[in-house]
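As provided, my_file35.txt (compact mmCIF, C-alpha atoms and all ligand atoms) reads as follows.
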# COMPACT_ATOMS: atom_id res chain seq x y z
CA MET A 1 102.94 133.70 84.59
CA LEU A 2 105.39 131.48 82.66
CA TYR A 3 104.36 129.50 79.61
CA TYR A 4 106.30 126.79 77.84
CA TYR A 5 108.30 127.74 74.84
CA ILE A 6 106.76 124.99 72.74
CA LYS A 7 104.06 127.19 71.22
CA VAL A 8 100.44 126.17 71.48
CA LYS A 9 98.95 125.98 68.00
CA LYS A 10 95.73 127.69 68.95
CA ASP A 11 94.85 128.33 65.33
CA LYS A 12 94.12 124.67 64.53
CA PRO A 13 90.43 124.24 63.76
CA GLN A 14 88.35 122.13 66.17
CA PRO A 15 87.34 119.33 63.76
CA PHE A 16 91.01 118.61 62.96
CA ASN A 17 91.76 118.03 66.63
CA LYS A 18 88.85 115.69 67.10
CA ILE A 19 89.70 113.58 64.04
CA ARG A 20 93.32 113.24 65.19
CA ARG A 21 92.29 112.02 68.65
CA LYS A 22 90.29 109.17 67.20
CA THR A 23 93.25 107.68 65.40
CA MET A 24 96.32 108.55 67.50
CA ARG A 25 97.80 106.00 69.88
CA LEU A 26 101.04 105.54 71.73
CA PHE A 27 103.79 103.62 69.93
CA ALA A 28 104.33 101.22 72.86
CA THR A 29 100.70 100.43 73.63
CA PRO A 30 98.59 97.74 71.96
CA SER A 31 96.36 98.40 68.99
CA LYS A 32 92.62 97.81 69.21
CA ILE A 33 93.04 94.58 67.23
CA GLU A 34 95.72 93.27 69.62
CA VAL A 35 93.53 94.12 72.61
CA SER A 36 90.49 92.45 71.17
CA GLU A 37 92.48 89.30 70.26
CA ALA A 38 94.04 89.17 73.73
CA LYS A 39 90.62 89.49 75.38
CA LYS A 40 89.13 86.87 73.09
CA HIS A 41 91.87 84.30 73.78
CA GLY A 42 92.50 85.24 77.43
CA ARG A 43 96.12 86.27 76.74
CA LEU A 44 98.38 88.41 78.90
CA LEU A 45 99.40 91.29 76.62
CA VAL A 46 100.60 94.07 78.92
CA LEU A 47 102.69 93.99 82.08
CA TRP A 48 103.18 96.98 84.36
CA LEU A 49 106.40 96.78 86.35
CA GLU A 50 107.18 99.10 89.21
CA ILE A 51 110.68 100.39 89.45
CA TRP A 52 112.26 101.06 92.87
CA PRO A 53 110.27 103.75 94.75
CA SER A 54 112.77 106.66 95.00
CA CYS A 55 111.47 109.99 93.80
CA HIS A 56 112.85 113.55 93.94
CA LEU A 57 109.44 115.26 93.79
CA ASN A 58 106.74 115.57 96.37
CA CYS A 59 103.47 115.71 94.45
CA GLN A 60 100.49 116.79 96.52
CA PHE A 61 98.29 114.02 95.09
CA CYS A 62 100.90 111.26 94.64
CA PHE A 63 99.10 107.92 94.51
CA ASN A 64 102.14 106.35 96.14
CA ASN A 65 103.13 108.81 98.91
CA GLY A 66 106.32 109.17 96.85
CA GLY A 67 109.57 110.59 98.12
CA ARG A 68 113.02 109.46 99.23
CA ALA A 69 113.55 105.75 99.83
CA SER A 70 116.53 103.73 101.04
CA LYS A 71 117.21 100.47 99.27
CA GLU A 72 115.95 97.36 101.02
CA GLU A 73 116.63 93.66 100.66
CA SER A 74 113.01 93.00 99.70
CA TRP A 75 113.26 95.07 96.50
CA LEU A 76 113.40 93.13 93.24
CA LYS A 77 116.85 92.75 91.71
CA VAL A 78 117.64 93.22 88.06
CA GLU A 79 117.77 89.41 87.56
CA ASP A 80 114.23 89.16 88.99
CA TYR A 81 113.03 91.68 86.41
CA TYR A 82 114.80 89.73 83.64
CA ARG A 83 113.16 86.45 84.71
CA MET A 84 109.78 88.14 84.70
CA ILE A 85 110.32 89.59 81.24
CA ASP A 86 111.37 86.15 79.96
CA GLU A 87 108.18 84.58 81.27
CA PHE A 88 106.05 87.48 80.04
CA ALA A 89 107.51 87.22 76.51
CA SER A 90 107.08 83.42 76.50
CA LEU A 91 103.37 83.93 77.32
CA GLY A 92 103.04 86.19 74.26
CA GLY A 93 103.23 89.49 76.16
CA LYS A 94 104.23 92.48 74.03
CA TYR A 95 104.15 95.68 76.07
CA ILE A 96 105.67 96.76 79.37
CA GLY A 97 104.55 99.87 81.22
CA ILE A 98 106.80 101.35 83.91
CA PRO A 99 104.60 103.53 86.11
CA GLY A 100 105.91 106.57 87.95
CA TYR A 101 105.80 104.76 91.27
CA GLY A 102 109.19 106.21 92.05
CA GLU A 103 110.79 108.17 89.22
CA PRO A 104 112.29 105.74 86.68
CA PHE A 105 115.12 108.17 85.79
CA HIS A 106 115.98 109.10 89.39
CA PRO A 107 119.74 108.49 89.95
CA GLN A 108 118.93 105.48 92.13
CA ASN A 109 116.71 103.95 89.42
CA VAL A 110 118.02 104.99 86.03
CA GLU A 111 120.45 102.11 85.49
CA LEU A 112 117.82 99.55 86.42
CA THR A 113 115.24 101.22 84.18
CA ILE A 114 117.54 101.22 81.14
CA SER A 115 118.52 97.58 81.78
CA ILE A 116 114.86 96.55 81.86
CA ILE A 117 114.04 98.47 78.69
CA ARG A 118 117.04 97.02 76.84
CA TYR A 119 116.33 93.46 77.97
CA ALA A 120 112.67 93.80 76.97
CA LYS A 121 113.59 95.18 73.54
CA GLU A 122 115.84 92.19 72.87
CA ARG A 123 112.75 90.05 73.43
CA GLN A 124 110.61 92.16 71.06
CA VAL A 125 108.72 93.72 73.97
CA LYS A 126 108.08 97.48 73.71
CA THR A 127 108.22 99.74 76.76
CA TYR A 128 106.46 102.91 77.84
CA VAL A 129 107.64 104.84 80.86
CA PHE A 130 105.80 107.34 83.08
CA THR A 131 108.23 110.06 84.06
CA THR A 132 108.63 113.52 85.49
CA ALA A 133 111.04 114.14 82.53
CA ASP A 134 113.02 116.90 84.28
CA LEU A 135 115.97 114.53 84.83
CA ILE A 136 116.24 113.70 81.12
CA GLY A 137 119.22 115.36 79.44
CA LEU A 138 120.45 114.96 75.87
CA ASP A 139 122.51 111.77 76.45
CA LEU A 140 119.71 109.92 78.22
CA ALA A 141 117.17 111.14 75.66
CA LYS A 142 119.34 109.78 72.83
CA GLN A 143 119.58 106.43 74.60
CA LEU A 144 115.80 106.31 75.05
CA ASP A 145 115.34 107.26 71.42
CA GLU A 146 117.57 104.41 70.25
CA LEU A 147 115.63 102.00 72.44
CA LYS A 148 112.37 103.30 70.90
CA VAL A 149 110.87 104.04 74.29
CA THR A 150 107.54 105.84 74.66
CA LEU A 151 107.50 108.50 77.38
CA MET A 152 104.47 109.59 79.40
CA VAL A 153 105.38 112.93 80.93
CA LYS A 154 103.77 114.47 84.00
CA PHE A 155 101.99 117.59 82.81
CA ASN A 156 99.52 119.22 85.16
CA SER A 157 99.79 122.83 84.10
CA PHE A 158 101.27 125.20 81.51
CA LYS A 159 101.87 127.64 84.34
CA ALA A 160 105.24 127.09 86.00
CA SER A 161 104.11 128.53 89.32
CA ILE A 162 101.17 126.11 89.56
CA GLN A 163 103.16 123.13 88.31
CA ASP A 164 106.05 123.72 90.73
CA THR A 165 103.66 124.12 93.65
CA LEU A 166 101.88 120.89 92.77
CA VAL A 167 105.11 118.85 92.70
CA GLY A 168 106.60 120.69 95.68
CA VAL A 169 109.85 121.59 93.88
CA SER A 170 110.71 125.04 92.56
CA GLY A 171 112.22 125.09 89.06
CA TYR A 172 110.73 121.74 88.06
CA ALA A 173 108.60 123.12 85.21
CA ALA A 174 111.55 124.92 83.60
CA LYS A 175 113.66 121.74 83.62
CA ARG A 176 110.80 119.71 82.19
CA ALA A 177 110.37 122.29 79.42
CA LYS A 178 114.03 121.83 78.41
CA ALA A 179 113.63 118.06 78.36
CA LEU A 180 110.48 118.33 76.24
CA GLU A 181 112.32 120.45 73.71
CA ILE A 182 115.06 117.79 73.44
CA LEU A 183 112.46 115.03 73.01
CA LYS A 184 110.73 117.02 70.33
CA GLN A 185 114.00 117.52 68.44
CA LEU A 186 114.70 113.80 68.64
CA ASP A 187 111.37 113.10 66.95
CA PHE A 188 109.53 111.55 69.90
CA THR A 189 106.47 113.35 68.53
CA LYS A 190 107.06 112.29 64.95
CA ASN A 191 103.91 111.15 63.28
CA GLU A 192 104.50 107.45 62.47
CA LYS A 193 102.12 104.78 61.33
CA GLY A 194 101.84 101.60 63.38
CA ASP A 195 101.40 98.12 61.83
CA ASP A 196 97.64 98.65 61.99
CA GLY A 197 97.81 101.96 60.09
CA GLU A 198 97.07 104.07 63.18
CA VAL A 199 99.07 107.22 63.77
CA THR A 200 101.45 106.71 66.68
CA THR A 201 103.55 108.97 68.87
CA ARG A 202 106.25 108.25 71.45
CA LEU A 203 105.24 111.12 73.74
CA GLY A 204 102.21 111.49 75.98
CA PHE A 205 101.23 114.04 78.63
CA VAL A 206 99.77 112.67 81.86
CA THR A 207 97.31 115.06 83.47
CA SER A 208 94.95 114.60 86.37
CA ILE A 209 92.00 116.96 86.55
CA ILE A 210 92.24 118.94 89.78
CA PRO A 211 90.88 122.33 90.92
CA GLU A 212 94.29 123.93 90.23
CA ASN A 213 94.25 123.06 86.51
CA GLU A 214 90.57 122.53 85.69
CA ASN A 215 90.50 125.68 83.56
CA GLU A 216 93.54 124.53 81.55
CA ILE A 217 92.46 121.00 80.61
CA GLU A 218 90.89 121.98 77.30
CA GLU A 219 94.03 123.89 76.35
CA ILE A 220 96.30 120.98 77.33
CA TRP A 221 94.09 118.60 75.34
CA LYS A 222 94.21 120.73 72.21
CA TYR A 223 97.89 121.43 72.57
CA CYS A 224 98.56 117.69 72.65
CA LEU A 225 96.48 116.95 69.58
CA ALA A 226 98.02 119.79 67.61
CA ASN A 227 101.54 118.56 68.46
CA ASN A 228 101.12 114.80 68.08
CA ILE A 229 101.31 114.22 71.82
CA TYR A 230 98.96 111.69 73.38
CA PRO A 231 96.70 113.32 76.02
CA ASP A 232 96.35 110.95 78.98
CA VAL A 233 93.84 112.90 81.08
CA ASP A 234 92.16 111.27 84.06
CA THR A 235 90.61 112.04 87.42
CA ILE A 236 92.50 111.78 90.71
CA LEU A 237 93.01 108.22 91.94
CA PRO A 238 92.04 108.14 95.62
CA SER A 239 95.20 106.40 96.72
CA GLY A 240 98.26 107.54 98.72
CA ARG A 241 98.21 111.34 99.05
CA GLY A 242 95.47 111.38 96.38
CA GLU A 243 93.08 110.02 99.01
CA CYS A 244 92.96 113.30 100.91
CA PHE A 245 93.37 115.62 97.91
CA GLN A 246 90.46 117.93 97.13
CA ALA A 247 89.10 116.68 93.80
CA THR A 248 87.31 118.61 91.06
CA SER A 249 83.52 118.27 91.23
CA PRO A 250 81.85 115.68 88.94
CA GLU A 251 79.78 118.45 87.31
CA LYS A 252 82.92 120.37 86.36
CA ILE A 253 84.59 117.19 85.04
CA ARG A 254 81.57 116.51 82.82
CA GLU A 255 81.71 120.08 81.53
CA ILE A 256 85.45 119.85 80.80
CA CYS A 257 84.99 116.56 78.95
CA LYS A 258 82.30 118.00 76.73
CA SER A 259 84.19 121.16 75.87
CA ALA A 260 87.55 119.42 75.26
CA THR A 261 86.47 116.26 73.46
CA GLY A 262 82.98 117.14 72.28
CA LYS A 263 81.69 113.98 73.96
CA ASP A 264 79.84 113.08 77.15
CA LEU A 265 81.95 111.58 79.92
CA LYS A 266 81.37 107.83 80.17
CA SER A 267 83.96 106.71 82.72
CA PRO A 268 85.71 108.21 85.75
CA THR A 269 89.04 106.81 84.54
CA TYR A 270 89.92 108.75 81.37
CA LEU A 271 88.50 111.84 79.75
CA ASP A 272 88.01 110.20 76.38
CA GLY A 273 87.78 106.46 76.90
CA HIS A 274 88.04 103.97 79.71
CA CYS A 275 90.50 101.62 81.36
CA ASP A 276 90.20 97.96 80.43
CA ARG A 277 93.75 96.89 81.32
CA THR A 278 92.55 94.34 83.87
CA GLN A 279 91.27 92.25 80.95
CA TYR A 280 94.69 91.84 79.34
CA GLY A 281 97.27 93.02 81.87
CA LEU A 282 98.90 92.44 85.25
CA TYR A 283 100.78 94.71 87.63
CA VAL A 284 103.89 93.79 89.65
CA ASN A 285 105.23 96.00 92.41
CA TYR A 286 108.90 96.61 93.28
CA GLN A 287 108.80 93.81 95.84
CA GLY A 288 107.41 91.25 93.42
CA LYS A 289 103.80 91.30 94.59
CA ILE A 290 101.28 90.84 91.80
CA PHE A 291 98.03 92.82 91.51
CA PRO A 292 95.34 93.10 88.82
CA CYS A 293 96.28 96.76 88.24
CA LEU A 294 98.00 99.85 89.60
CA GLY A 295 95.34 101.22 91.92
CA CYS A 296 93.35 98.09 92.71
CA LYS A 297 92.02 97.85 96.20
CA SER A 298 88.94 96.65 97.93
CA ASN A 299 87.84 98.64 100.97
CA GLY A 300 91.31 100.13 101.28
CA LYS A 301 93.15 96.80 101.02
CA LYS A 302 95.23 95.83 97.97
CA ILE A 303 93.87 92.94 95.91
CA SER A 304 96.68 90.39 95.90
CA LEU A 305 97.39 87.74 93.28
CA GLY A 306 100.47 86.33 95.05
CA ASN A 307 104.13 86.78 94.35
CA VAL A 308 106.09 86.77 91.13
CA GLY A 309 108.30 83.95 92.45
CA ALA A 310 105.39 81.59 91.66
CA GLY A 311 105.21 82.94 88.11
CA LEU A 312 102.97 85.31 86.19
CA ALA A 313 101.00 82.47 84.57
CA LEU A 314 99.75 81.29 87.95
CA ALA A 315 98.42 84.74 88.85
CA TRP A 316 96.94 85.24 85.39
CA ASN A 317 94.97 81.98 85.63
CA MET A 318 93.76 82.29 89.23
CA VAL A 319 89.99 82.00 89.62
CA LEU A 320 89.85 85.57 90.92
CA MET A 321 91.79 86.93 87.94
CA ARG A 322 89.60 84.99 85.51
CA LYS A 323 86.54 86.63 87.09
CA ILE A 324 88.18 90.04 86.78
CA ARG A 325 89.11 89.37 83.14
CA ASN A 326 85.52 88.38 82.42
CA ARG A 327 84.09 91.47 84.17
CA ASP A 328 82.11 89.18 86.43
CA TYR A 329 81.03 92.02 88.76
CA PHE A 330 78.09 92.78 91.04
CA GLY A 331 76.95 96.09 92.50
CA LYS A 332 75.95 99.39 90.96
CA CYS A 333 78.57 99.36 88.17
CA ALA A 334 77.19 96.08 86.80
CA THR A 335 73.85 97.81 86.21
CA CYS A 336 75.31 101.00 84.74
CA GLN A 337 74.60 101.70 81.09
CA HIS A 338 78.22 102.67 80.50
CA PHE A 339 79.35 99.28 81.78
CA GLN A 340 76.75 97.40 79.78
CA ASN A 341 77.69 99.31 76.61
CA ASN A 342 81.40 98.60 77.19
CA GLU A 343 82.03 102.33 77.54
CA CYS A 344 83.32 101.86 81.08
CA ASN A 345 84.94 98.86 82.71
CA SER A 346 84.35 100.18 86.24
CA CYS A 347 87.58 100.75 88.22
CA PHE A 348 89.37 98.82 90.94
CA GLY A 349 90.87 101.98 92.40
CA ARG A 350 87.65 103.97 92.50
CA CYS A 351 84.69 101.62 92.88
CA CYS A 352 85.62 98.26 94.39
CA THR A 353 84.15 97.46 97.81
CA LYS A 354 84.58 93.69 97.81
CA CYS A 355 86.84 91.41 95.84
CA SER A 356 86.97 87.66 96.32
CA GLU A 357 86.46 84.51 94.28
CA ASP A 358 82.84 84.56 95.50
CA GLU A 359 81.97 88.13 94.65
CA ILE A 360 83.46 91.24 93.09
CA LYS A 361 81.41 94.24 94.07
CA MET A 362 81.79 97.57 92.27
CA GLU A 363 79.74 100.26 93.91
CA GLY A 364 79.53 102.91 91.19
CA CYS A 365 80.87 106.44 90.76
CA PRO A 366 79.35 109.93 90.36
CA PHE A 367 78.99 109.27 86.61
CA TYR A 368 76.61 106.35 87.08
CA SER A 369 74.02 106.15 84.35
CA GLY A 370 71.14 103.86 85.34
CA PRO A 371 70.30 100.46 83.87
CA MET A 372 69.56 100.12 80.16
CA GLU A 373 65.91 99.87 79.15
CA THR A 374 65.01 96.36 78.06
S1 LIG B 401 103.40 111.31 91.67
FE1 LIG B 401 105.27 110.41 90.79
S2 LIG B 401 106.61 112.18 90.57
FE2 LIG B 401 105.07 112.78 92.04
S3 LIG B 401 105.90 112.30 94.08
FE3 LIG B 401 104.67 110.55 93.38
S4 LIG B 401 106.17 109.16 92.44
FE4 LIG B 401 107.11 111.20 92.54
S1 LIG B 402 91.06 99.78 86.86
FE1 LIG B 402 91.17 101.85 87.73
S2 LIG B 402 92.84 101.74 89.23
FE2 LIG B 402 93.04 99.97 87.87
S3 LIG B 402 94.49 100.65 86.26
FE3 LIG B 402 92.41 100.99 85.52
S4 LIG B 402 91.97 103.13 86.04
FE4 LIG B 402 93.73 102.49 87.30
S1 LIG B 403 79.07 103.67 87.78
FE1 LIG B 403 80.73 102.23 87.37
S2 LIG B 403 80.40 101.52 85.27
FE2 LIG B 403 79.20 103.39 85.57
S3 LIG B 403 80.49 105.06 84.88
FE3 LIG B 403 80.83 104.84 87.08
S4 LIG B 403 82.58 103.46 87.25
FE4 LIG B 403 81.77 103.26 85.18
Turn the structure described in the file into structure tokens.
Amino acid sequence: MLYYYIKVKKDKPQPFNKIRRKTMRLFATPSKIEVSEAKKHGRLLVLWLEIWPSCHLNCQFCFNNGGRASKEESWLKVEDYYRMIDEFASLGGKYIGIPGYGEPFHPQNVELTISIIRYAKERQVKTYVFTTADLIGLDLAKQLDELKVTLMVKFNSFKASIQDTLVGVSGYAAKRAKALEILKQLDFTKNEKGDDGEVTTRLGFVTSIIPENENEIEEIWKYCLANNIYPDVDTILPSGRGECFQATSPEKIREICKSATGKDLKSPTYLDGHCDRTQYGLYVNYQGKIFPCLGCKSNGKKISLGNVGAGLALAWNMVLMRKIRNRDYFGKCATCQHFQNNECNSCFGRCCTKCSEDEIKMEGCPFYSGPMET
């Protein structure tokens, strides 16, 4: 059984960990004040941009059926990304997320990824990138450091044998460990204060709770907090290969949440919080199609907001998007206490059964908590 050589600080007392989690956020994600202002004024604050879909791994639960891909004419070109960033910045947008829909630092993608990050930085837009990290060597890490990028690294298990099996590539975990050591030395985990006084970090671990790692989640959580790494722990998104993947039971997820965070689980999206990105963000895929978010679908069909050629502003102001921004939902989620208390925003990838200008129906999840008493 192989463990990483970044040592887990198991001796940190529990209360310390819990206090740190309340205040830590990622350097390239909005503060609570920015989010609340954006919601109040209906402003687009965050844009997720897919990079081209090539990936060297073969994750068993990949939300995108990731793997090799040959370049096609329909893929966005670097100029298309630049135009989008220009419009986004002119609308007041401040943060770009590059999801791991295709590995951003794959040889086919790395040049494009760096160009996007650099162009965004020149327009005062910060970027965070979801990555497998194993392809990051010292030179690339230095470049990313100079560009002040935030990295969200795939981290499903401390155990190399489990991690390698999950991604379908032997030796992956060892390469990732080397990259993490470089990032640590370059101060990606340095404790900095953001403009709002919150502690920030430029490194996060992205972990989905699955049967293979369910007994490690608490350890991953505490390791992150003790090392100034943001723990981004969620449940499997039933999309791509994730649709057929055996998920951890809701009872076990509740138990993990309580023991790791000390709190009751309130949303199926994240272990300690919920996803409200649809109220201040948009998602654009590598072919220029716009969606409300990464996993949004209604009865298996993607919820489309048109194409980026018509502009982001048009999609942002569509009647459907306004309804989504205002959480104008029907169905079980609308009656759930967690929804009514703003502790869960429902989820377009997990709950949506109908989505049109007439009606957005969200049919609940295993963590439903009945209507509030009036
Ligand atoms: S989850 Fe990400 S890293 Fe894994 S196969 Fe899919 S795109 Fe590649
Ligand atoms: S609403 Fe659900 S599918 Fe969409 S980004 Fe949030 S967690 Fe993912
Ligand atoms: S039922 Fe809906 S609102 Fe309630 S916890 Fe589940 S996803 Fe959230």
**OP:** Considering all atoms listed in the file, return as a list in words whatever protein or nucleic-acid residues lie within 10 Å of Thr207 of chain A, sequence-local ones (same chain, fewer than 6 positions apart) excluded.
**Re:**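 Listed by chain and then number, they are Met152, Val153, Lys154, Phe155, Asn156, Ser157, Asn213, Ile217, Ile220, Trp221, Pro231, Asp232, Val233, Asp234, Thr235, Ile236 and Tyr270 of chain A.
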Set the distance at 9 Å and use only C-alpha atoms: which residues neighbour Leu144 of chain A once local chain neighbours fewer than 6 positions away are removed? I'd like the list as a PDB file with C-alpha atoms, keeping the file's coordinate frame.
ATOM      1  CA  ILE A 114     117.540 101.220  81.140  1.00  0.00           C
ATOM      2  CA  ILE A 117     114.040  98.470  78.690  1.00  0.00           C
ATOM      3  CA  THR A 150     107.540 105.840  74.660  1.00  0.00           C
ATOM      4  CA  LEU A 151     107.500 108.500  77.380  1.00  0.00           C
TER       5      LEU A 151
END
Subject >> Within-12 Å residues of ligand LIG 403 (chain B), basis only C-alpha atoms and all ligand atoms, as a VMD selection string >> reply: chain A and resid 235 250 254 264 to 271 273 to 276 327 329 to 353 361 to 372
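Ranking A:Gly300, A:Gly295, A:Gly311, A:Gly102 by their shortest atom-to-atom distance to ligand LIG 402 (chain B), with all atoms listed in the file included, puts A:Gly295 first.
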Subject >> Residue neighbourhood Ser249 of chain A, 10 Å, all atoms listed in the file, exclusion window fewer than 2 positions, as a ChimeraX atom specification >> reply: /A:209-211,214,246-247,251-254,366
